[in-house]
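Dropping final_22.cif in here (mmCIF, C-alpha atoms and all ligand atoms):
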```cif
data_query
loop_
_atom_site.label_atom_id
_atom_site.label_comp_id
_atom_site.auth_asym_id
_atom_site.auth_seq_id
_atom_site.Cartn_x
_atom_site.Cartn_y
_atom_site.Cartn_z
CA MET T 1 99.89 132.81 110.67
CA THR T 2 103.04 133.68 108.69
CA LEU T 3 103.96 130.97 106.23
CA THR T 4 107.51 129.61 106.25
CA LYS T 5 109.14 130.14 102.86
CA LEU T 6 110.34 126.82 101.47
CA ALA T 7 112.20 125.69 98.36
CA ILE T 8 112.08 122.28 96.74
CA ILE T 9 115.35 120.96 95.37
CA GLY T 10 114.94 118.37 92.59
CA VAL T 11 111.66 118.66 90.75
CA GLY T 12 110.98 115.14 89.53
CA LYS T 13 108.24 112.56 89.93
CA ILE T 14 107.72 112.75 93.68
CA ALA T 15 108.01 116.54 93.86
CA ARG T 16 105.31 116.93 91.21
CA ASP T 17 103.04 114.10 92.39
CA GLN T 18 103.15 114.82 96.12
CA HIS T 19 105.30 117.66 97.47
CA ILE T 20 103.96 120.53 95.40
CA PRO T 21 100.27 119.66 96.07
CA ALA T 22 100.97 119.07 99.79
CA ILE T 23 102.74 122.45 100.14
CA ALA T 24 99.88 124.14 98.26
CA GLY T 25 97.47 122.77 100.89
CA SER T 26 99.75 123.49 103.86
CA ASP T 27 98.92 126.17 106.42
CA ALA T 28 102.58 126.28 107.47
CA PHE T 29 104.63 126.53 104.24
CA GLU T 30 104.62 128.37 100.95
CA LEU T 31 106.62 127.21 97.92
CA ALA T 32 108.86 130.24 97.32
CA ALA T 33 111.34 128.75 94.83
CA THR T 34 112.75 125.60 93.30
CA VAL T 35 116.21 124.39 92.40
CA SER T 36 115.90 122.43 89.21
CA ARG T 37 118.21 121.67 86.33
CA SER T 38 115.23 120.84 84.12
CA GLY T 39 113.09 123.93 84.61
CA GLY T 40 111.22 123.50 87.90
CA ALA T 41 107.50 124.08 88.34
CA ASP T 42 105.18 126.41 86.44
CA GLY T 43 104.94 129.85 88.01
CA VAL T 44 107.63 129.22 90.64
CA GLU T 45 110.97 131.06 90.69
CA ASN T 46 113.71 128.62 89.75
CA HIS T 47 117.46 128.48 90.39
CA GLU T 48 120.03 126.32 88.66
CA ASP T 49 121.75 125.08 91.78
CA ILE T 50 121.61 125.41 95.55
CA ASP T 51 124.39 128.04 95.66
CA ALA T 52 122.36 130.34 93.41
CA LEU T 53 119.29 129.83 95.59
CA LEU T 54 121.17 130.51 98.82
CA ASN T 55 122.67 133.71 97.40
CA ALA T 56 119.41 135.02 95.96
CA ARG T 57 116.91 134.10 98.67
CA PRO T 58 118.12 134.47 102.26
CA ASP T 59 114.43 134.80 103.25
CA ILE T 60 113.84 131.12 102.43
CA THR T 61 114.39 129.25 105.68
CA ALA T 62 113.32 125.69 104.82
CA LEU T 63 114.40 123.30 102.06
CA SER T 64 112.82 120.05 100.91
CA LEU T 65 115.28 117.75 99.14
CA CYS T 66 113.48 115.59 96.57
CA MET T 67 116.32 114.24 94.44
CA PRO T 68 117.51 110.58 94.45
CA PRO T 69 119.65 109.54 97.43
CA LEU T 70 123.09 109.54 95.82
CA PRO T 71 123.47 113.30 95.14
CA ARG T 72 121.63 114.26 98.33
CA PHE T 73 124.48 114.41 100.88
CA GLU T 74 126.46 117.28 99.36
CA ILE T 75 123.31 119.35 98.84
CA ALA T 76 122.02 118.60 102.35
CA LYS T 77 125.40 119.60 103.80
CA LYS T 78 125.23 122.98 102.07
CA ALA T 79 121.64 123.45 103.19
CA ILE T 80 122.41 122.73 106.83
CA LEU T 81 125.62 124.78 106.88
CA SER T 82 123.57 127.70 105.55
CA GLY T 83 121.25 127.39 108.53
CA LYS T 84 118.25 126.05 106.59
CA HIS T 85 115.76 123.64 108.13
CA THR T 86 115.99 120.60 105.88
CA MET T 87 113.60 117.83 104.97
CA LEU T 88 114.97 114.71 103.26
CA GLU T 89 112.91 112.46 100.98
CA LYS T 90 113.34 108.80 101.79
CA PRO T 91 115.82 107.21 102.00
CA PRO T 92 117.65 109.89 104.01
CA GLY T 93 121.00 109.00 102.44
CA ALA T 94 122.83 106.57 100.25
CA THR T 95 124.67 105.25 103.34
CA VAL T 96 124.03 105.13 107.08
CA SER T 97 127.23 107.05 107.78
CA GLU T 98 126.28 110.02 105.65
CA ALA T 99 122.86 110.20 107.32
CA LEU T 100 124.59 110.13 110.73
CA ALA T 101 126.99 112.87 109.60
CA LEU T 102 124.05 115.06 108.59
CA THR T 103 122.38 114.39 111.95
CA ASP T 104 125.47 115.64 113.78
CA LEU T 105 125.85 118.62 111.48
CA ALA T 106 122.24 119.71 111.99
CA ALA T 107 122.61 119.42 115.76
CA ALA T 108 125.78 121.54 115.65
CA GLN T 109 124.11 124.17 113.45
CA GLY T 110 120.90 124.21 115.52
CA VAL T 111 118.63 123.56 112.53
CA THR T 112 115.83 121.05 112.07
CA LEU T 113 116.64 117.95 110.02
CA PHE T 114 113.83 115.57 109.13
CA ALA T 115 114.25 112.11 107.61
CA THR T 116 110.82 111.57 106.12
CA TRP T 117 109.14 108.17 105.87
CA HIS T 118 105.96 108.94 103.98
CA SER T 119 104.46 105.46 104.37
CA ARG T 120 104.26 105.97 108.12
CA TYR T 121 101.57 108.59 107.42
CA ALA T 122 99.37 106.14 105.49
CA ALA T 123 95.86 106.05 106.95
CA GLY T 124 96.06 102.70 108.78
CA VAL T 125 99.52 102.90 110.34
CA ALA T 126 98.82 104.80 113.60
CA GLN T 127 95.82 102.58 114.39
CA ALA T 128 97.82 99.44 113.61
CA LYS T 129 100.58 100.58 115.94
CA ALA T 130 98.11 101.26 118.77
CA TRP T 131 96.40 97.86 118.33
CA LEU T 132 99.69 95.94 118.28
CA ALA T 133 101.12 97.78 121.29
CA GLU T 134 98.87 95.78 123.63
CA ARG T 135 99.36 92.33 122.09
CA LYS T 136 101.84 89.46 121.91
CA LEU T 137 102.98 88.95 118.36
CA ASN T 138 103.38 85.45 116.87
CA LYS T 139 104.41 86.10 113.29
CA VAL T 140 104.79 88.96 110.81
CA GLU T 141 104.69 88.59 107.02
CA ILE T 142 105.52 91.47 104.66
CA ILE T 143 104.81 91.14 100.94
CA TRP T 144 105.83 94.14 98.82
CA LYS T 145 105.58 93.24 95.16
CA GLU T 146 105.21 95.76 92.36
CA ASP T 147 106.01 96.26 88.69
CA VAL T 148 109.15 98.37 88.37
CA ARG T 149 108.29 99.24 84.77
CA ARG T 150 105.04 100.80 85.94
CA TRP T 151 106.34 102.78 88.93
CA HIS T 152 109.88 103.73 87.86
CA PRO T 153 109.83 104.17 84.09
CA GLY T 154 113.15 105.41 82.75
CA GLN T 155 114.69 105.93 86.23
CA ASP T 156 118.24 104.70 85.70
CA TRP T 157 119.43 105.76 89.16
CA ILE T 158 117.47 102.97 90.88
CA TRP T 159 119.65 100.43 89.04
CA GLU T 160 122.97 102.16 89.76
CA ALA T 161 125.04 101.46 92.87
CA GLY T 162 123.55 103.58 95.67
CA GLY T 163 120.09 103.53 94.05
CA MET T 164 119.02 100.59 96.28
CA GLY T 165 117.01 98.72 93.64
CA VAL T 166 113.97 96.96 95.08
CA PHE T 167 114.78 98.47 98.48
CA ASP T 168 113.63 101.84 97.12
CA PRO T 169 110.01 100.70 97.63
CA GLY T 170 110.97 97.99 100.15
CA ILE T 171 112.28 100.58 102.60
CA ASN T 172 108.72 101.92 102.80
CA ALA T 173 107.61 98.55 104.18
CA LEU T 174 110.54 98.62 106.62
CA SER T 175 109.55 102.13 107.71
CA ILE T 176 106.08 100.85 108.59
CA MET T 177 107.51 97.74 110.25
CA THR T 178 109.80 99.77 112.51
CA GLU T 179 106.90 102.10 113.35
CA ILE T 180 104.22 99.54 114.25
CA LEU T 181 106.13 96.69 115.92
CA PRO T 182 106.29 97.19 119.68
CA ASP T 183 109.89 95.88 119.94
CA PRO T 184 112.98 96.11 117.74
CA VAL T 185 113.84 93.28 115.35
CA HIS T 186 117.11 92.49 113.59
CA LEU T 187 117.93 90.82 110.31
CA ILE T 188 119.10 87.20 110.54
CA SER T 189 119.14 86.15 106.89
CA ALA T 190 118.63 87.60 103.43
CA THR T 191 118.81 86.62 99.79
CA LEU T 192 119.16 89.37 97.18
CA ALA T 193 118.50 88.76 93.46
CA PHE T 194 120.66 90.90 91.15
CA PRO T 195 119.87 91.05 87.42
CA GLU T 196 123.09 90.15 85.61
CA ASN T 197 123.19 93.60 83.94
CA ARG T 198 122.40 95.74 87.02
CA ASP T 199 124.16 97.00 90.18
CA THR T 200 121.13 96.76 92.48
CA PRO T 201 118.70 93.96 93.40
CA ILE T 202 115.36 93.35 91.70
CA ALA T 203 114.10 91.15 94.54
CA ALA T 204 114.95 90.37 98.16
CA ASP T 205 113.84 87.84 100.79
CA LEU T 206 114.52 88.90 104.36
CA THR T 207 114.03 87.25 107.74
CA PHE T 208 114.17 89.23 110.99
CA SER T 209 114.18 88.01 114.58
CA GLY T 210 112.51 89.69 117.54
CA PRO T 211 111.70 89.00 121.20
CA ASP T 212 110.24 85.57 122.15
CA ASP T 213 111.41 84.01 118.86
CA LEU T 214 109.26 86.35 116.80
CA ARG T 215 109.99 85.93 113.09
CA VAL T 216 109.32 88.64 110.52
CA THR T 217 109.62 87.69 106.86
CA ALA T 218 109.72 90.20 104.03
CA ASP T 219 109.35 89.38 100.35
CA PHE T 220 110.22 92.28 98.03
CA ASP T 221 109.89 91.81 94.29
CA TRP T 222 109.91 94.26 91.40
CA ARG T 223 108.79 91.72 88.78
CA GLN T 224 105.13 91.65 89.77
CA GLU T 225 102.82 92.22 86.85
CA GLY T 226 99.02 92.39 87.27
CA PRO T 227 97.72 93.16 90.79
CA GLN T 228 100.26 94.94 92.96
CA THR T 229 100.79 93.90 96.59
CA TRP T 230 101.90 96.05 99.52
CA ASP T 231 100.72 94.04 102.54
CA ILE T 232 101.86 93.52 106.13
CA THR T 233 100.12 90.75 108.10
CA VAL T 234 100.68 90.36 111.83
CA GLN T 235 99.42 87.30 113.67
CA THR T 236 98.98 87.91 117.38
CA GLU T 237 97.70 85.80 120.28
CA ASP T 238 94.28 87.34 119.91
CA GLY T 239 93.73 88.14 116.29
CA THR T 240 95.31 88.94 112.93
CA LEU T 241 96.01 92.45 111.69
CA ARG T 242 96.48 93.17 108.00
CA LEU T 243 97.69 96.47 106.62
CA SER T 244 97.30 96.54 102.85
CA ASP T 245 97.60 99.05 100.00
CA GLY T 246 100.88 100.28 101.49
CA GLY T 247 99.26 101.01 104.87
CA ALA T 248 96.13 102.72 103.53
CA THR T 249 93.75 99.87 104.42
CA LEU T 250 93.50 98.09 107.77
CA HIS T 251 91.72 94.82 108.57
CA ILE T 252 91.53 93.20 111.96
CA ASP T 253 90.34 89.59 111.75
CA ASP T 254 88.99 90.32 108.28
CA THR T 255 86.94 93.30 109.50
CA LYS T 256 87.80 96.45 107.61
CA GLN T 257 88.52 99.31 110.02
CA ALA T 258 87.20 102.85 109.57
CA LEU T 259 90.15 105.20 109.03
CA GLU T 260 90.65 108.91 108.70
CA ASP T 261 92.90 109.67 105.71
CA THR T 262 94.56 113.05 105.89
CA GLY T 263 97.23 112.14 103.30
CA GLU T 264 100.83 111.02 103.62
CA TYR T 265 102.59 114.16 102.37
CA PRO T 266 100.32 116.65 104.17
CA GLY T 267 101.25 114.65 107.28
CA LEU T 268 104.97 114.99 106.52
CA TYR T 269 104.76 118.77 106.08
CA ALA T 270 102.70 119.16 109.27
CA ARG T 271 105.37 117.18 111.13
CA PHE T 272 108.16 119.28 109.58
CA ALA T 273 106.39 122.44 110.79
CA ASP T 274 106.03 121.00 114.30
CA LEU T 275 109.72 120.02 114.39
CA ILE T 276 110.79 123.52 113.31
CA ALA T 277 108.52 125.13 115.90
CA ALA T 278 109.91 122.89 118.63
CA GLY T 279 113.53 123.26 117.52
CA ASP T 280 113.82 119.47 117.10
CA SER T 281 115.06 117.04 114.48
CA ASP T 282 113.75 113.59 113.57
CA MET T 283 116.35 111.32 112.03
CA ASP T 284 115.05 107.80 112.60
CA LEU T 285 117.49 105.73 110.57
CA ARG T 286 116.22 102.25 111.47
CA PRO T 287 114.72 101.48 108.02
CA LEU T 288 118.01 102.49 106.36
CA GLN T 289 119.99 100.37 108.83
CA HIS T 290 117.91 97.30 107.93
CA VAL T 291 118.65 97.87 104.24
CA ALA T 292 122.35 98.24 104.99
CA ASP T 293 122.20 94.99 106.99
CA ALA T 294 120.58 93.23 104.03
CA PHE T 295 123.43 94.29 101.74
CA MET T 296 125.92 93.19 104.43
CA LEU T 297 124.36 89.85 105.40
CA GLY T 298 122.54 88.88 102.22
CA ARG T 299 123.47 86.01 99.93
CA ARG T 300 123.54 87.15 96.32
CA ASP T 301 121.87 85.35 93.45
CA THR T 302 122.35 86.43 89.86
CA VAL T 303 119.13 86.40 87.85
CA ALA T 304 118.07 87.20 84.28
CA ALA T 305 119.05 90.56 82.86
CA PHE T 306 116.45 93.32 83.26
CA HIS T 307 115.64 95.66 80.37
CA ASP T 308 113.19 98.58 80.68
P1 LIG K 1 113.24 111.27 89.79
O1 LIG K 1 111.97 111.80 89.24
O2 LIG K 1 114.02 110.31 88.97
O3 LIG K 1 114.25 112.44 90.18
C1 LIG K 1 113.90 113.51 90.98
C2 LIG K 1 114.64 114.77 90.57
O4 LIG K 1 115.89 114.85 91.24
C3 LIG K 1 115.02 114.87 89.10
O5 LIG K 1 113.93 115.21 88.32
C4 LIG K 1 116.07 115.98 89.16
O6 LIG K 1 115.40 117.22 89.30
C5 LIG K 1 116.77 115.68 90.49
N1 LIG K 1 118.01 114.94 90.27
C6 LIG K 1 118.17 113.75 89.69
N2 LIG K 1 119.46 113.40 89.66
C7 LIG K 1 120.13 114.41 90.26
C8 LIG K 1 121.51 114.66 90.51
N3 LIG K 1 122.45 113.78 90.18
N4 LIG K 1 121.84 115.81 91.14
C9 LIG K 1 120.91 116.71 91.49
N5 LIG K 1 119.58 116.53 91.26
C10 LIG K 1 119.21 115.41 90.66
O7 LIG K 1 113.01 110.57 91.20
P2 LIG K 1 111.72 110.54 92.13
O8 LIG K 1 110.88 109.38 91.76
O9 LIG K 1 111.10 111.86 92.24
O10 LIG K 1 112.44 110.13 93.51
C11 LIG K 1 113.21 111.04 94.24
C12 LIG K 1 113.27 110.57 95.68
O11 LIG K 1 111.94 110.47 96.17
C13 LIG K 1 113.89 109.19 95.84
O12 LIG K 1 114.70 109.14 96.97
C14 LIG K 1 112.69 108.26 95.99
O13 LIG K 1 112.98 107.12 96.78
C15 LIG K 1 111.71 109.18 96.68
N6 LIG K 1 110.29 108.81 96.47
C16 LIG K 1 109.82 108.55 95.21
C17 LIG K 1 108.50 108.14 95.04
C18 LIG K 1 107.90 107.86 93.68
O14 LIG K 1 106.76 107.39 93.60
N7 LIG K 1 108.58 108.14 92.59
C19 LIG K 1 107.67 107.99 96.15
C20 LIG K 1 108.16 108.33 97.40
C21 LIG K 1 109.47 108.72 97.55
P3 LIG K 1 115.69 118.48 88.40
O15 LIG K 1 115.60 118.04 86.99
O16 LIG K 1 114.59 119.39 88.82
O17 LIG K 1 117.06 118.98 88.77
#
```

What do you get writing this file as structure tokens?
Amino acid sequence: MTLTKLAIIGVGKIARDQHIPAIAGSDAFELAATVSRSGGADGVENHEDIDALLNARPDITALSLCMPPLPRFEIAKKAILSGKHTMLEKPPGATVSEALALTDLAAAQGVTLFATWHSRYAAGVAQAKAWLAERKLNKVEIIWKEDVRRWHPGQDWIWEAGGMGVFDPGINALSIMTEILPDPVHLISATLAFPENRDTPIAADLTFSGPDDLRVTADFDWRQEGPQTWDITVQTEDGTLRLSDGGATLHIDDTKQALEDTGEYPGLYARFADLIAAGDSDMDLRPLQHVADAFMLGRRDTVAAFHD
């Protein structure tokens, strides 16, 4: 099988930790080049910006955009207008409107556009979705608490307007929520905690409403030291499901379920290949819409200044 030549744009933490190894193991893609202002990856041809890449390598037909959300729109626009199939790290944009604009542009250009939600490919998510599909839900509790100093050292963009703050990890929980719940929910209240020296929240409490008075609560906090918590618990009429470790572990009524783990990012690249082959796009914006709703509906508290 001929491999699709792909370039990564933005070689930072997630490109190094996940994208480059996943592409190396892919039977659909080869990493043909990078666009990186800081040097790129060892042994891979690098270009200073997307214009240089597009001029030099017309044979590259797919791009994976791994930079933070704020600079992504202009680069994605160039990618799509050049006819490249384009994969977007989460979140797919800094605003809902720009993600919608890219969706329309990709449709007009006839290229594949993929808004990735890596947490949906965690080992327990598909099985959780299948189990919940047949049950009546009573209550859902999401607890997503981690230490920002540990996971985002020196990343200033997460604290700048458009960086989303605690919603940068929290949107992963919302991507799982929107995947596994059988019916849509909508936000009914939110409280966002902003450090007095930052543009984005360090914590958020959200409540969603669903059919039959279903309540979903979500507690996101970036101040968690010690054990880290990425749990979703769903109480149903006949049993309790718990996804933990960000979706990697699944318990049903305290019984740990056997799971096949093929990896989140290998799953994303396999899906990207399938979308390209089928001539489709996948731009599910529901997690981003919930975050936008939280900024729109949420009460704001000012909390102690945060220093790295
Ligand atoms: P990062 O390491 O801070 O930045 C990624 C790279 O983006 C930078 O190294 C830089 O690459 C490029 N970049 C930064 N600012 C830019 C700008 N203004 N214009 C153009 N390029 C710019 O961030 P990250 O942790 O990899 O996160 C990137 C995206 O992946 C985010 O949307 C994040 O939510 C998502 N993500 C992160 C993680 C994680 O664990 N960190 C997990 C899943 C998803 P060059 O120096 O090569 O130009």

As JSON: centre and edge lengths in Å, one decimal, of the axis-aligned box holding range 284-296 of chain T with 3 Å per side:
```
{"center_x": 120.3, "center_y": 100.5, "center_z": 107.2, "size_x": 17.2, "size_y": 20.6, "size_z": 16.9}
```

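For Thr112 in chain T, the residues within 6 Å (counting all atoms listed in the file, excluding itself and residues fewer than 4 positions away along the chain) are His85, Ile276, Asp280 and Ser281 of chain T.
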
Contacts of Ala126 in chain T at 12 Å or less, counting all atoms listed in the file, minus same-chain residues fewer than 4 places along, as a list in words? Ser119, Arg120, Tyr121, Ala122, Ala130, Trp131, Leu132, Ala133, Ile176, Met177, Glu179, Ile180, Leu181, Leu243, Gly247, Ala248, Thr249, Leu250, Leu259, Glu260, Asp261, Glu264 and Gly267 of chain T

Need to verify the contact set: range 73-75 of chain T, 9 Å, all atoms listed in the file, exclusion of same-chain residues closer than 5 positions in sequence. Can you return it as JSON, numbers by chain? {"T": [9, 50, 65, 80, 92, 93, 94, 98, 99, 102]}

Atoms to include: C-alpha atoms. Write the selected residues as a PDB file, keeping the file's coordinate frame.
```
ATOM      1  CA  ILE T   9     115.350 120.960  95.370  1.00  0.00           C
ATOM      2  CA  ILE T  50     121.610 125.410  95.550  1.00  0.00           C
ATOM      3  CA  LEU T  65     115.280 117.750  99.140  1.00  0.00           C
ATOM      4  CA  ILE T  80     122.410 122.730 106.830  1.00  0.00           C
ATOM      5  CA  PRO T  92     117.650 109.890 104.010  1.00  0.00           C
ATOM      6  CA  GLY T  93     121.000 109.000 102.440  1.00  0.00           C
ATOM      7  CA  ALA T  94     122.830 106.570 100.250  1.00  0.00           C
ATOM      8  CA  GLU T  98     126.280 110.020 105.650  1.00  0.00           C
ATOM      9  CA  ALA T  99     122.860 110.200 107.320  1.00  0.00           C
ATOM     10  CA  LEU T 102     124.050 115.060 108.590  1.00  0.00           C
TER      11      LEU T 102
END
```

List all protein, DNA and RNA residues that have any atom at most 7 Å from ligand LIG 1 (chain K), counting all atoms listed in the file, and write the list as number ranges by chain. T: 9-15, 35-40, 66-69, 71, 89-91, 118, 151-152, 155, 168

Would you kindly return, as a short mmCIF file (atom, residue, chain, number, x, y, z; two decimals) with C-alpha atoms, keeping the file's coordinate frame, each protein, DNA or RNA residue with an atom no farther than 6 Å from any atom of His251 in chain T, considering all atoms listed in the file and excluding same-chain residues fewer than 5 positions away?
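Below you can see out.cif, which holds the result:
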```
data_model
loop_
_atom_site.label_atom_id
_atom_site.label_comp_id
_atom_site.auth_asym_id
_atom_site.auth_seq_id
_atom_site.Cartn_x
_atom_site.Cartn_y
_atom_site.Cartn_z
CA LEU T 241 96.01 92.45 111.69
CA ARG T 242 96.48 93.17 108.00
CA LYS T 256 87.80 96.45 107.61
CA GLN T 257 88.52 99.31 110.02
#
```
